[in-house]
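Colleague: My structure file query_3.txt, compact mmCIF, C-alpha atoms, is below:
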```
# COMPACT_ATOMS: atom_id res chain seq x y z
CA MET A 851 18.93 4.73 -27.60
CA LYS A 852 18.27 3.63 -24.01
CA HIS A 853 15.11 1.73 -23.15
CA ARG A 854 12.99 4.17 -21.15
CA ILE A 855 11.33 2.71 -18.04
CA ILE A 856 9.02 4.96 -16.03
CA VAL A 857 7.77 3.94 -12.58
CA LEU A 858 4.76 5.88 -11.31
CA GLY A 859 4.58 6.14 -7.52
CA ALA A 860 7.29 5.67 -4.88
CA GLY A 861 5.39 3.82 -2.20
CA TYR A 862 6.53 0.38 -1.14
CA THR A 863 5.80 -1.20 -4.52
CA GLY A 864 7.06 1.54 -6.83
CA ALA A 865 10.26 2.15 -4.88
CA VAL A 866 11.00 -1.58 -4.63
CA ALA A 867 10.35 -2.09 -8.36
CA ALA A 868 12.62 0.81 -9.36
CA GLY A 869 15.43 -0.43 -7.13
CA ARG A 870 15.12 -4.01 -8.32
CA LEU A 871 15.20 -2.90 -11.97
CA ALA A 872 18.33 -0.88 -11.26
CA ARG A 873 19.93 -4.05 -9.81
CA ARG A 874 18.85 -6.21 -12.72
CA LEU A 875 19.65 -4.02 -15.74
CA HIS A 876 22.81 -2.33 -17.00
CA ARG A 877 22.50 1.42 -16.68
CA ASP A 878 24.11 1.96 -20.11
CA ASP A 879 21.06 0.33 -21.68
CA VAL A 880 18.13 1.66 -19.67
CA ALA A 881 16.91 4.99 -18.30
CA ILE A 882 14.78 4.45 -15.18
CA THR A 883 12.66 7.36 -13.98
CA LEU A 884 10.73 7.23 -10.70
CA VAL A 885 7.87 9.75 -10.52
CA ASN A 886 6.44 10.72 -7.13
CA ALA A 887 4.51 13.72 -5.84
CA GLU A 888 6.24 13.87 -2.44
CA PRO A 889 10.00 14.05 -1.75
CA ASP A 890 9.90 11.46 1.05
CA PHE A 891 9.08 7.79 1.21
CA VAL A 892 6.05 7.24 3.44
CA GLU A 893 5.84 4.16 5.68
CA ARG A 894 2.16 3.68 5.15
CA VAL A 895 1.98 0.70 7.49
CA ARG A 896 2.99 3.02 10.35
CA LEU A 897 0.57 5.88 9.72
CA HIS A 898 -1.56 4.84 12.69
CA GLN A 899 1.52 5.39 14.85
CA LEU A 900 2.04 8.84 13.35
CA ALA A 901 -1.60 9.73 14.03
CA ALA A 902 -1.26 8.57 17.64
CA GLY A 903 1.56 11.03 18.26
CA GLN A 904 4.71 9.10 17.41
CA ASP A 905 7.36 10.55 15.10
CA LEU A 906 8.52 8.52 12.10
CA ARG A 907 12.02 8.59 10.70
CA PRO A 908 12.25 10.78 7.58
CA ARG A 909 13.33 8.92 4.45
CA PRO A 910 14.12 11.35 1.58
CA LEU A 911 13.79 9.64 -1.79
CA GLY A 912 16.64 11.71 -3.21
CA GLU A 913 19.05 10.23 -0.68
CA MET A 914 17.69 6.72 -1.08
CA PHE A 915 18.18 6.63 -4.84
CA ALA A 916 21.38 8.69 -5.06
CA GLY A 917 23.96 6.85 -7.14
CA THR A 918 21.60 4.05 -8.18
CA GLY A 919 21.03 5.21 -11.73
CA VAL A 920 17.35 5.87 -10.98
CA GLU A 921 16.28 9.42 -11.81
CA LEU A 922 13.76 10.87 -9.37
CA ARG A 923 11.10 13.20 -10.81
CA LEU A 924 9.09 15.03 -8.16
CA ALA A 925 5.76 15.60 -9.85
CA ARG A 926 2.09 14.68 -9.64
CA VAL A 927 0.83 12.31 -12.32
CA THR A 928 -2.16 13.85 -14.11
CA GLY A 929 -2.71 11.40 -16.92
CA VAL A 930 -1.52 8.32 -18.82
CA ASP A 931 -1.94 7.76 -22.56
CA ALA A 932 -1.33 4.05 -22.91
CA ASP A 933 -1.70 4.15 -26.70
CA ARG A 934 0.85 6.93 -27.24
CA ARG A 935 3.03 5.63 -24.37
CA THR A 936 3.16 8.97 -22.58
CA VAL A 937 2.59 10.23 -19.04
CA THR A 938 1.58 13.80 -18.21
CA VAL A 939 2.81 15.29 -14.95
CA GLU A 940 2.55 18.51 -13.00
CA ASP A 941 5.59 19.75 -11.11
CA ALA A 942 5.49 21.39 -7.69
CA ASP A 943 5.69 24.84 -9.29
CA GLY A 944 2.61 24.10 -11.39
CA GLY A 945 4.46 23.47 -14.63
CA ALA A 946 3.21 20.65 -16.82
CA GLY A 947 5.29 18.12 -18.71
CA GLU A 948 5.05 14.95 -20.76
CA LEU A 949 7.22 11.87 -20.34
CA GLU A 950 7.60 9.17 -22.98
CA TYR A 951 8.19 5.56 -22.05
CA ASP A 952 8.96 2.21 -23.60
CA THR A 953 7.92 0.34 -20.44
CA LEU A 954 5.61 1.73 -17.75
CA VAL A 955 5.30 0.43 -14.19
CA TYR A 956 2.04 1.75 -12.73
CA ALA A 957 2.26 1.87 -8.93
CA LEU A 958 0.01 4.79 -7.97
CA GLY A 959 -1.65 2.68 -5.31
CA SER A 960 -4.80 3.60 -3.44
CA GLY A 961 -6.34 6.14 -1.11
CA TRP A 962 -9.20 6.14 1.31
CA SER A 963 -12.80 5.60 0.26
CA ASP A 964 -15.83 7.03 2.05
CA GLN A 965 -17.93 4.20 0.54
CA GLY A 966 -20.56 6.80 -0.33
CA VAL A 967 -21.67 7.09 3.30
CA PRO A 968 -23.27 10.50 3.97
CA GLY A 969 -21.08 12.77 6.05
CA ALA A 970 -17.97 10.60 5.91
CA ALA A 971 -16.07 12.87 3.51
CA GLU A 972 -16.98 15.96 5.54
CA HIS A 973 -16.48 14.70 9.08
CA ALA A 974 -14.27 11.60 9.13
CA HIS A 975 -10.48 11.39 9.19
CA GLU A 976 -8.50 9.04 6.96
CA LEU A 977 -5.29 7.11 7.58
CA ALA A 978 -4.33 6.26 4.01
CA SER A 979 -1.96 9.20 3.53
CA ARG A 980 0.63 11.10 5.53
CA PRO A 981 -1.31 14.40 5.34
CA GLY A 982 -4.41 12.58 6.59
CA ALA A 983 -2.53 11.00 9.49
CA LEU A 984 -1.06 14.38 10.44
CA ARG A 985 -4.49 16.01 10.42
CA LEU A 986 -5.82 13.25 12.66
CA ARG A 987 -2.79 13.59 14.94
CA GLU A 988 -3.50 17.30 15.42
CA ARG A 989 -7.19 16.67 16.05
CA LEU A 990 -6.52 13.93 18.63
CA ALA A 991 -3.99 16.12 20.42
CA GLY A 992 -6.68 18.75 20.88
CA LEU A 993 -9.20 16.42 22.54
CA ASP A 994 -9.93 16.74 26.24
CA ALA A 995 -10.07 13.76 28.59
CA GLY A 996 -13.27 11.77 28.29
CA GLN A 997 -14.07 12.76 24.72
CA ALA A 998 -15.08 10.01 22.30
CA VAL A 999 -13.19 8.60 19.32
CA ALA A 1000 -14.92 6.18 16.96
CA VAL A 1001 -12.88 4.05 14.56
CA VAL A 1002 -15.07 2.77 11.74
CA GLY A 1003 -13.93 -0.43 10.07
CA GLY A 1004 -12.81 -3.71 11.60
CA GLY A 1005 -10.09 -4.68 9.12
CA LEU A 1006 -6.35 -4.68 9.83
CA THR A 1007 -6.04 -0.89 9.61
CA GLY A 1008 -9.00 -0.35 11.92
CA LEU A 1009 -7.68 -2.80 14.51
CA GLU A 1010 -4.23 -1.23 14.53
CA ALA A 1011 -5.55 2.33 14.68
CA THR A 1012 -7.94 1.50 17.52
CA ALA A 1013 -5.27 -0.12 19.68
CA GLU A 1014 -2.68 2.58 18.98
CA ILE A 1015 -5.01 5.45 19.84
CA ALA A 1016 -6.39 3.71 22.94
CA GLN A 1017 -2.89 3.01 24.25
CA ALA A 1018 -1.55 6.49 23.50
CA ARG A 1019 -4.62 8.23 24.95
CA PRO A 1020 -6.12 6.09 27.74
CA ASP A 1021 -8.03 9.17 28.86
CA LEU A 1022 -10.24 9.06 25.75
CA ALA A 1023 -13.35 6.92 25.19
CA VAL A 1024 -12.26 4.86 22.18
CA ALA A 1025 -14.75 2.69 20.29
CA LEU A 1026 -14.49 0.42 17.25
CA VAL A 1027 -17.52 0.13 14.97
CA THR A 1028 -17.40 -2.86 12.63
CA ARG A 1029 -19.83 -4.25 10.08
CA GLY A 1030 -19.10 -7.84 11.11
CA GLY A 1031 -17.91 -9.54 14.27
CA LEU A 1032 -14.66 -8.45 15.88
CA GLY A 1033 -11.87 -10.23 14.01
CA ASP A 1034 -14.36 -12.67 12.53
CA TRP A 1035 -11.85 -13.84 9.90
CA LEU A 1036 -9.28 -14.83 12.56
CA SER A 1037 -8.75 -18.18 14.25
CA ASP A 1038 -10.33 -18.84 17.65
CA ARG A 1039 -6.99 -18.06 19.29
CA GLY A 1040 -6.61 -14.86 17.31
CA ARG A 1041 -10.12 -13.61 18.14
CA ALA A 1042 -9.67 -14.41 21.82
CA HIS A 1043 -6.42 -12.50 22.00
CA LEU A 1044 -7.89 -9.53 20.17
CA ARG A 1045 -10.80 -9.34 22.63
CA LYS A 1046 -8.42 -9.62 25.55
CA VAL A 1047 -6.22 -6.76 24.30
CA PHE A 1048 -9.15 -4.49 23.48
CA GLY A 1049 -10.70 -5.21 26.85
CA GLY A 1050 -7.47 -4.29 28.60
CA LEU A 1051 -7.29 -1.05 26.64
CA GLY A 1052 -10.87 -0.15 27.53
CA VAL A 1053 -12.08 -0.18 23.92
CA THR A 1054 -15.84 -0.42 23.37
CA VAL A 1055 -16.67 -2.62 20.39
CA HIS A 1056 -19.86 -2.21 18.36
CA GLU A 1057 -20.21 -5.38 16.28
CA HIS A 1058 -22.52 -6.05 13.32
CA ALA A 1059 -22.98 -2.30 13.00
CA ALA A 1060 -22.90 -0.94 9.45
CA VAL A 1061 -22.40 2.83 9.57
CA THR A 1062 -24.97 4.71 7.51
CA ALA A 1063 -24.12 8.31 8.42
CA VAL A 1064 -21.33 10.34 9.98
CA GLY A 1065 -21.98 13.58 11.83
CA ALA A 1066 -19.73 16.11 13.50
CA ASP A 1067 -20.16 14.40 16.87
CA ARG A 1068 -21.52 10.92 16.15
CA VAL A 1069 -21.89 8.01 13.78
CA THR A 1070 -25.20 6.29 13.08
CA THR A 1071 -25.60 2.62 12.24
CA ALA A 1072 -28.14 0.76 10.14
CA ASP A 1073 -29.86 -0.69 13.20
CA GLY A 1074 -30.41 2.76 14.70
CA ARG A 1075 -27.48 2.88 17.12
CA THR A 1076 -25.80 6.22 17.74
CA VAL A 1077 -22.12 6.13 18.69
CA PRO A 1078 -20.66 9.35 20.12
CA ALA A 1079 -17.62 10.61 18.22
CA ALA A 1080 -15.82 13.88 18.73
CA VAL A 1081 -13.44 12.35 16.17
CA THR A 1082 -14.32 9.68 13.61
CA VAL A 1083 -11.52 7.65 12.02
CA TRP A 1084 -12.55 6.02 8.73
CA THR A 1085 -10.82 2.72 7.82
CA THR A 1086 -13.48 0.83 5.88
CA GLY A 1087 -11.40 0.19 2.78
CA PHE A 1088 -9.42 1.73 -0.03
CA ALA A 1089 -10.09 3.01 -3.52
CA VAL A 1090 -7.47 2.85 -6.27
CA HIS A 1091 -6.12 5.97 -7.93
CA PRO A 1092 -8.64 7.02 -10.61
CA ILE A 1093 -6.18 7.64 -13.45
CA ALA A 1094 -6.09 4.05 -14.74
CA ARG A 1095 -9.87 3.94 -15.25
CA ALA A 1096 -9.61 7.04 -17.46
CA THR A 1097 -7.19 5.31 -19.86
CA THR A 1098 -7.63 2.65 -22.53
CA LEU A 1099 -6.04 0.09 -20.20
CA GLU A 1100 -8.33 -2.79 -19.34
CA THR A 1101 -9.51 -2.34 -15.77
CA GLY A 1102 -11.86 -4.24 -13.51
CA ALA A 1103 -14.91 -3.02 -11.62
CA THR A 1104 -12.64 -1.64 -8.88
CA GLY A 1105 -10.59 0.43 -11.33
CA GLN A 1106 -7.57 -1.85 -10.93
CA ILE A 1107 -5.55 -2.74 -14.02
CA VAL A 1108 -6.12 -6.32 -15.15
CA VAL A 1109 -2.77 -8.14 -15.30
CA ASP A 1110 -1.37 -11.57 -16.04
CA GLY A 1111 0.86 -13.63 -13.76
CA THR A 1112 3.88 -11.40 -14.48
CA MET A 1113 1.94 -8.22 -13.59
CA ARG A 1114 1.74 -7.25 -17.26
CA SER A 1115 -1.38 -5.51 -18.51
CA VAL A 1116 -3.54 -7.88 -20.54
CA SER A 1117 -4.42 -5.06 -22.95
CA HIS A 1118 -1.12 -3.13 -23.22
CA PRO A 1119 2.02 -5.31 -23.05
CA ASP A 1120 4.35 -2.38 -22.33
CA VAL A 1121 2.48 -1.55 -19.10
CA TYR A 1122 2.88 -3.35 -15.78
CA ALA A 1123 0.70 -2.71 -12.72
CA ILE A 1124 1.73 -3.58 -9.17
CA GLY A 1125 0.43 -3.29 -5.64
CA ASP A 1126 -3.04 -1.91 -5.02
CA ALA A 1127 -3.26 -0.75 -8.64
CA ALA A 1128 -3.20 -4.31 -10.01
CA MET A 1129 -6.07 -6.75 -10.31
CA ALA A 1130 -3.92 -9.78 -9.65
CA THR A 1131 -4.97 -13.26 -8.59
CA GLY A 1132 -3.39 -15.77 -6.24
CA PRO A 1133 -3.99 -19.46 -5.51
CA GLY A 1134 -7.38 -20.68 -6.62
CA GLY A 1135 -7.87 -17.59 -8.79
CA ARG A 1136 -8.83 -15.47 -5.76
CA PRO A 1137 -8.11 -11.73 -6.05
CA LEU A 1138 -5.18 -10.56 -3.95
CA ARG A 1139 -6.10 -8.08 -1.23
CA MET A 1140 -4.74 -4.55 -1.07
CA SER A 1141 -1.83 -4.70 1.35
CA CYS A 1142 1.92 -4.38 1.69
CA ALA A 1143 2.05 -8.19 1.88
CA THR A 1144 0.62 -8.25 -1.65
CA GLY A 1145 2.36 -5.20 -3.05
CA VAL A 1146 6.02 -6.01 -2.52
CA PRO A 1147 5.86 -9.51 -4.12
CA THR A 1148 4.04 -8.04 -7.14
CA ALA A 1149 6.84 -5.46 -7.45
CA TRP A 1150 9.44 -8.25 -7.44
CA GLN A 1151 7.42 -10.18 -10.01
CA ALA A 1152 7.04 -7.22 -12.39
CA ALA A 1153 10.68 -6.10 -12.14
CA ASP A 1154 11.96 -9.61 -12.76
CA ALA A 1155 9.59 -10.07 -15.72
CA ILE A 1156 10.64 -6.76 -17.30
CA ALA A 1157 14.32 -7.61 -16.89
CA ALA A 1158 13.78 -11.10 -18.31
CA ARG A 1159 11.94 -9.84 -21.36
CA LEU A 1160 14.57 -7.19 -22.08
CA THR A 1161 17.57 -9.45 -21.57
CA GLY A 1162 16.26 -12.71 -22.96
CA GLY A 1163 16.17 -14.33 -19.53
CA LYS A 1164 13.70 -16.72 -17.96
CA LEU A 1165 10.37 -15.28 -16.89
CA PRO A 1166 9.56 -15.55 -13.16
CA SER A 1167 7.15 -18.30 -12.22
CA THR A 1168 6.95 -17.85 -8.45
CA PRO A 1169 3.29 -18.00 -7.37
CA LEU A 1170 1.91 -15.10 -5.35
CA ARG A 1171 0.71 -16.43 -2.00
CA TYR A 1172 0.22 -15.48 1.64
CA PHE A 1173 1.85 -16.83 4.80
CA ASN A 1174 0.48 -14.71 7.65
CA GLN A 1175 -1.29 -11.52 8.65
CA CYS A 1176 0.70 -9.28 10.99
CA VAL A 1177 -1.26 -6.97 13.29
CA SER A 1178 0.23 -4.50 15.77
CA LEU A 1179 -1.98 -3.87 18.80
CA GLY A 1180 -0.17 -0.92 20.32
CA ARG A 1181 3.54 -0.92 21.10
CA GLY A 1182 3.65 -3.96 23.34
CA GLU A 1183 1.08 -6.34 21.88
CA GLY A 1184 0.62 -8.00 18.52
CA LEU A 1185 -1.06 -10.80 16.63
CA ILE A 1186 0.47 -12.95 13.90
CA GLN A 1187 -2.30 -14.96 12.29
CA TYR A 1188 -1.02 -17.74 10.04
CA VAL A 1189 -3.03 -18.28 6.88
CA THR A 1190 -3.30 -20.60 3.91
CA ALA A 1191 -1.80 -19.65 0.55
CA ASP A 1192 -5.11 -18.03 -0.41
CA ASP A 1193 -5.30 -16.02 2.85
CA ARG A 1194 -7.68 -18.09 4.98
CA SER A 1195 -6.87 -18.30 8.67
CA VAL A 1196 -5.61 -21.53 10.21
CA ARG A 1197 -5.52 -22.46 13.89
CA ALA A 1198 -1.95 -21.33 14.50
CA ALA A 1199 -1.32 -17.78 15.73
CA LEU A 1200 1.37 -15.93 17.68
CA THR A 1201 0.29 -13.42 20.29
CA GLY A 1202 1.63 -11.02 22.87
CA ARG A 1203 5.03 -9.38 23.07
CA PHE A 1204 6.72 -11.84 20.72
CA ALA A 1205 4.12 -11.09 18.05
CA ALA A 1206 4.70 -7.34 18.53
CA VAL A 1207 8.45 -7.82 17.99
CA TYR A 1208 7.73 -9.98 14.92
CA LYS A 1209 5.52 -7.29 13.40
CA GLU A 1210 8.11 -4.61 14.15
CA LEU A 1211 10.81 -6.63 12.39
CA VAL A 1212 8.52 -7.02 9.35
CA CYS A 1213 7.96 -3.24 9.20
CA LYS A 1214 11.66 -2.48 9.63
CA GLY A 1215 12.59 -5.04 6.99
CA ALA A 1216 10.18 -3.57 4.47
CA ALA A 1217 11.48 -0.04 5.10
CA TRP A 1218 15.11 -1.22 4.90
CA GLY A 1219 14.46 -2.84 1.54
CA VAL A 1220 13.06 0.42 0.18
CA ALA A 1221 15.79 2.58 1.74
CA HIS A 1222 18.56 0.44 0.19
CA PRO A 1223 17.20 -0.04 -3.32
CA THR A 1224 20.29 -1.53 -4.97
CA LEU A 1225 21.61 -3.69 -2.15
CA GLY A 1226 21.01 -7.40 -1.95
CA LEU A 1227 21.01 -10.21 -4.47
CA PRO A 1228 21.32 -10.49 -7.38
CA VAL A 1229 23.88 -7.77 -7.99
CA ARG A 1230 24.71 -8.69 -11.56
CA ARG A 1231 23.33 -6.20 -14.04
CA ARG A 1232 22.48 -7.77 -17.39
CA ARG A 1233 22.71 -6.08 -20.76
CA VAL A 1234 19.58 -5.49 -22.78
CA VAL A 1235 19.64 -7.74 -25.82
CA ARG A 1236 16.39 -6.68 -27.40
CA GLU A 1237 14.06 -3.73 -27.26
CA ALA A 1238 10.35 -3.93 -26.69
CA ALA A 1239 8.47 -5.98 -29.26
CA ARG A 1240 7.36 -2.89 -31.14
CA THR A 1241 10.91 -2.16 -32.40
CA GLY A 1242 12.73 -5.48 -32.38
CA ARG A 1243 16.03 -3.57 -32.23
CA ALA A 1244 18.79 -5.05 -30.08
CA VAL A 1245 20.64 -2.87 -27.61
CA GLY A 1246 24.05 -3.96 -26.33
CA THR A 1247 25.18 -7.53 -25.87
CA ALA A 1248 24.55 -10.21 -23.31
CA ALA A 1249 26.68 -10.00 -20.17
```
Can the structure in the file be given as structure tokens, please?
Modeller:
Amino acid sequence: MKHRIIVLGAGYTGAVAAGRLARRLHRDDVAITLVNAEPDFVERVRLHQLAAGQDLRPRPLGEMFAGTGVELRLARVTGVDADRRTVTVEDADGGAGELEYDTLVYALGSGWSDQGVPGAAEHAHELASRPGALRLRERLAGLDAGQAVAVVGGGLTGLEATAEIAQARPDLAVALVTRGGLGDWLSDRGRAHLRKVFGGLGVTVHEHAAVTAVGADRVTTADGRTVPAAVTVWTTGFAVHPIARATTLETGATGQIVVDGTMRSVSHPDVYAIGDAAMATGPGGRPLRMSCATGVPTAWQAADAIAARLTGGKLPSTPLRYFNQCVSLGRGEGLIQYVTADDRSVRAALTGRFAAVYKELVCKGAAWGVAHPTLGLPVRRRRVVREAARTGRAVGTAA
């Protein structure tokens, strides 16, 4: 009987993990199923571009995984029973089904969070999903010259969305509202460049302004400021998919699955969590932030660990660390902030056109890796020499 591996979610992390497992393991010994609600891979790091009116290249998952040995199941995950090792799904036609697994890779990721701020859910637009970006795109296209757009949240997503919208629609009054100082985690060089770019784009920045309410035409801050907003874009952070918290898997306060250094659940050894769904730690025991820069390395780590455990190979020991933060500031400007292994900014930073090209290459490289799931090294597929610990039954022979 083949070892059944189910990967939940085909974002960057899930798609990369499925492809890497297909490269690592012999298809006679494993059945890999990738479950995703949508038929296309979504370049989440480019959703601010989509919202600003640019068209993104379609990437059908069926074409990407054709001939790889990975079976694509288009369905919405409705539940996970980690004790029975089953996943319940709902197909597009409304039909329900149950999938059994021997190994589960949980990569359902995250969505937007209104942070409990009154009016945010009713009036703000999110950029954490393709449908959300398309709704924002339509709303922005309908604005008249001079109308106000307020982007709430001064993290990487907020900075990129602000610059993209301001560049695409210079006729609008674009403002950024941030709880802290503008780019206060950046180096002096990085902050100076950010202020220069925003100034050139005509962006109004409201610093140290925690938003306490969102209305149909404004946002209100804790210190009593009112910022006009015909459209409010909400980028204050993400919330993980709620399914994990409803299971017997050990999760943290954020709802993320607690994992060890190989991305394996500390409570259920046949479950691996990657990307935003995982409560993973980096150098110094600091939690890894939700980002593509975190997600893809965790996918590599989990896939390599699964393959090693099934084939009797050596477990991966590569530490998860950061090198830089890449920020696009419209189509012609960028900022590459170099950081320590635990994600603290250092003095060095790249700016300007070169940084924009650098960021574009990073985005294209990530998309290429997902779109070509079984290309690259290593290409040798190893035979499974032992089943999961619960059976102890060998399958096949070593290659």
Colleague: A:Val857, A:Ser1117, A:Met851, A:Arg909: which is nearest Ala1217 in chain A, counting all atoms listed in the file?
Modeller: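 Result for the nearest residue to Ala1217 in chain A: A:Arg909.
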Colleague: I need the residue nearest Leu1160 in chain A from this list: A:Arg1019, A:His876, A:His1056, A:Lys1209. Use all atoms listed in the file for the distance.
Modeller: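 Going through A:Arg1019, A:His876, A:His1056, A:Lys1209 one by one, the smallest distance to Leu1160 in chain A is for A:His876.
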Colleague: For each of A:Thr1224, A:Thr1071, A:Thr1082, A:Thr1012, take the minimum atom-to-atom distance to Ala916 in chain A, counting all atoms listed in the file, then give the residue where this is smallest.
Modeller: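 Among A:Thr1224, A:Thr1071, A:Thr1082, A:Thr1012, it is A:Thr1224 that comes nearest to Ala916 in chain A.
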Colleague: Quick check, in Å to one decimal: how far apart do CA of Leu1051 in chain A and CA of Gly1215 in chain A lie?
Modeller: 28.2 Å
Colleague: Got a sec: who's within 10 Å of Phe915 in chain A, counting only C-alpha atoms, leaving out chain neighbours fewer than 3 positions off, as a PyMOL selection string?
Modeller: chain A and resi 865+868-869+872+884+910-912+918-922+1220-1224
Colleague: Between A:Glu1183, A:Asp878, A:Asp1192, A:Glu893, which has the minimum distance to Arg1139 in chain A (counting all atoms listed in the file)?
Modeller: A:Asp1192
Colleague: Using CA of Ala902 in chain A and CA of Thr863 in chain A as the two end points, give the distance in Å to one decimal.
Modeller: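 One can read the CA of Ala902 in chain A to CA of Thr863 in chain A distance as 25.2 Å.
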Colleague: For Leu1099 in chain A, list every protein, DNA or RNA residue within 10 Å, evaluated using only C-alpha atoms, and leave out those in the same chain fewer than 5 positions away; present the list as a list in words.
Modeller: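 These residues fall inside the cut-off: Val930, Asp931, Ala932, Asp933, Ala1094, Gly1105, Gln1106, Ile1107, Val1108, Ser1115, Val1116, Ser1117, His1118 and Val1121 of chain A.
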Colleague: Give me the residues near Gly944 in chain A as number ranges by chain, where near means some atom within 10 Å (using all atoms listed in the file) and where sequence neighbours in that chain fewer than 4 positions away do not count.
Modeller: A: 925-926, 939-940
Colleague: Would you list the residues near (-6.8, -11.2, 15.5) (no more than 9 Å away, in the coordinates of the file, using only C-alpha atoms) as a PDB file with C-alpha atoms, in the frame of the given file?
Modeller:
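Final output, saved to selection-v3.pdb:
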```pdb
ATOM      1  CA  LEU A1006      -6.350  -4.680   9.830  1.00  0.00           C
ATOM      2  CA  LEU A1009      -7.680  -2.800  14.510  1.00  0.00           C
ATOM      3  CA  LEU A1032     -14.660  -8.450  15.880  1.00  0.00           C
ATOM      4  CA  GLY A1033     -11.870 -10.230  14.010  1.00  0.00           C
ATOM      5  CA  ASP A1034     -14.360 -12.670  12.530  1.00  0.00           C
ATOM      6  CA  TRP A1035     -11.850 -13.840   9.900  1.00  0.00           C
ATOM      7  CA  LEU A1036      -9.280 -14.830  12.560  1.00  0.00           C
ATOM      8  CA  SER A1037      -8.750 -18.180  14.250  1.00  0.00           C
ATOM      9  CA  ASP A1038     -10.330 -18.840  17.650  1.00  0.00           C
ATOM     10  CA  ARG A1039      -6.990 -18.060  19.290  1.00  0.00           C
ATOM     11  CA  GLY A1040      -6.610 -14.860  17.310  1.00  0.00           C
ATOM     12  CA  ARG A1041     -10.120 -13.610  18.140  1.00  0.00           C
ATOM     13  CA  ALA A1042      -9.670 -14.410  21.820  1.00  0.00           C
ATOM     14  CA  HIS A1043      -6.420 -12.500  22.000  1.00  0.00           C
ATOM     15  CA  LEU A1044      -7.890  -9.530  20.170  1.00  0.00           C
ATOM     16  CA  ARG A1045     -10.800  -9.340  22.630  1.00  0.00           C
ATOM     17  CA  GLN A1175      -1.290 -11.520   8.650  1.00  0.00           C
ATOM     18  CA  CYS A1176       0.700  -9.280  10.990  1.00  0.00           C
ATOM     19  CA  VAL A1177      -1.260  -6.970  13.290  1.00  0.00           C
ATOM     20  CA  GLY A1184       0.620  -8.000  18.520  1.00  0.00           C
ATOM     21  CA  LEU A1185      -1.060 -10.800  16.630  1.00  0.00           C
ATOM     22  CA  ILE A1186       0.470 -12.950  13.900  1.00  0.00           C
ATOM     23  CA  GLN A1187      -2.300 -14.960  12.290  1.00  0.00           C
ATOM     24  CA  ALA A1199      -1.320 -17.780  15.730  1.00  0.00           C
ATOM     25  CA  THR A1201       0.290 -13.420  20.290  1.00  0.00           C
TER      26      THR A1201
END
```
Colleague: So how far away is CA of Leu1200 in chain A from CA of Trp1150 in chain A, in Å?
Modeller: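 Distance reported for this atom pair: 27.5 Å.
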Colleague: Considering only C-alpha atoms, state which residue in the set A:Ala1191, A:Val880, A:Val885, A:Leu1179 is at the smallest distance from Gln1017 in chain A.
Modeller: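 Looking only at the distances to Gln1017 in chain A, the closest residue turns out to be A:Leu1179.
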Colleague: Compare A:Ala1080, A:Ala1000, A:Ala1013, A:Ala1198 by their minimum atom-to-atom distance to Gly1182 in chain A, counting only C-alpha atoms, and give me the closest one.
Modeller: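 The shortest atom-to-atom distance to Gly1182 in chain A comes from A:Ala1013.
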Colleague: Applying 12 Å and all atoms listed in the file, which residues near range 981-998 of chain A remain after dropping the ones on its own chain fewer than 2 positions away? List them as a PyMOL selection string.
Modeller: chain A and resi 888+892-906+961-962+973-979+1000-1001+1011+1014-1016+1018-1026+1053-1054+1066-1069+1077-1085
Colleague: Find the spatial neighbours of Asp1073 in chain A, counting all atoms listed in the file, within a cut-off of 12 Å - ignore same-chain residues fewer than 3 positions away - and output them as a list in words.
Modeller: Arg1029, His1056, Glu1057, His1058, Ala1059, Ala1060, Val1061, Thr1062, Ala1063, Val1069, Thr1070, Thr1076 and Val1077 of chain A
Colleague: Let's have the selection written as a PDB file, in the coordinates of the input, with C-alpha atoms.
Modeller:
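Saved result, part-v5.pdb, follows:
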```pdb
ATOM      1  CA  ARG A1029     -19.830  -4.250  10.080  1.00  0.00           C
ATOM      2  CA  HIS A1056     -19.860  -2.210  18.360  1.00  0.00           C
ATOM      3  CA  GLU A1057     -20.210  -5.380  16.280  1.00  0.00           C
ATOM      4  CA  HIS A1058     -22.520  -6.050  13.320  1.00  0.00           C
ATOM      5  CA  ALA A1059     -22.980  -2.300  13.000  1.00  0.00           C
ATOM      6  CA  ALA A1060     -22.900  -0.940   9.450  1.00  0.00           C
ATOM      7  CA  VAL A1061     -22.400   2.830   9.570  1.00  0.00           C
ATOM      8  CA  THR A1062     -24.970   4.710   7.510  1.00  0.00           C
ATOM      9  CA  ALA A1063     -24.120   8.310   8.420  1.00  0.00           C
ATOM     10  CA  VAL A1069     -21.890   8.010  13.780  1.00  0.00           C
ATOM     11  CA  THR A1070     -25.200   6.290  13.080  1.00  0.00           C
ATOM     12  CA  THR A1076     -25.800   6.220  17.740  1.00  0.00           C
ATOM     13  CA  VAL A1077     -22.120   6.130  18.690  1.00  0.00           C
TER      14      VAL A1077
END
```
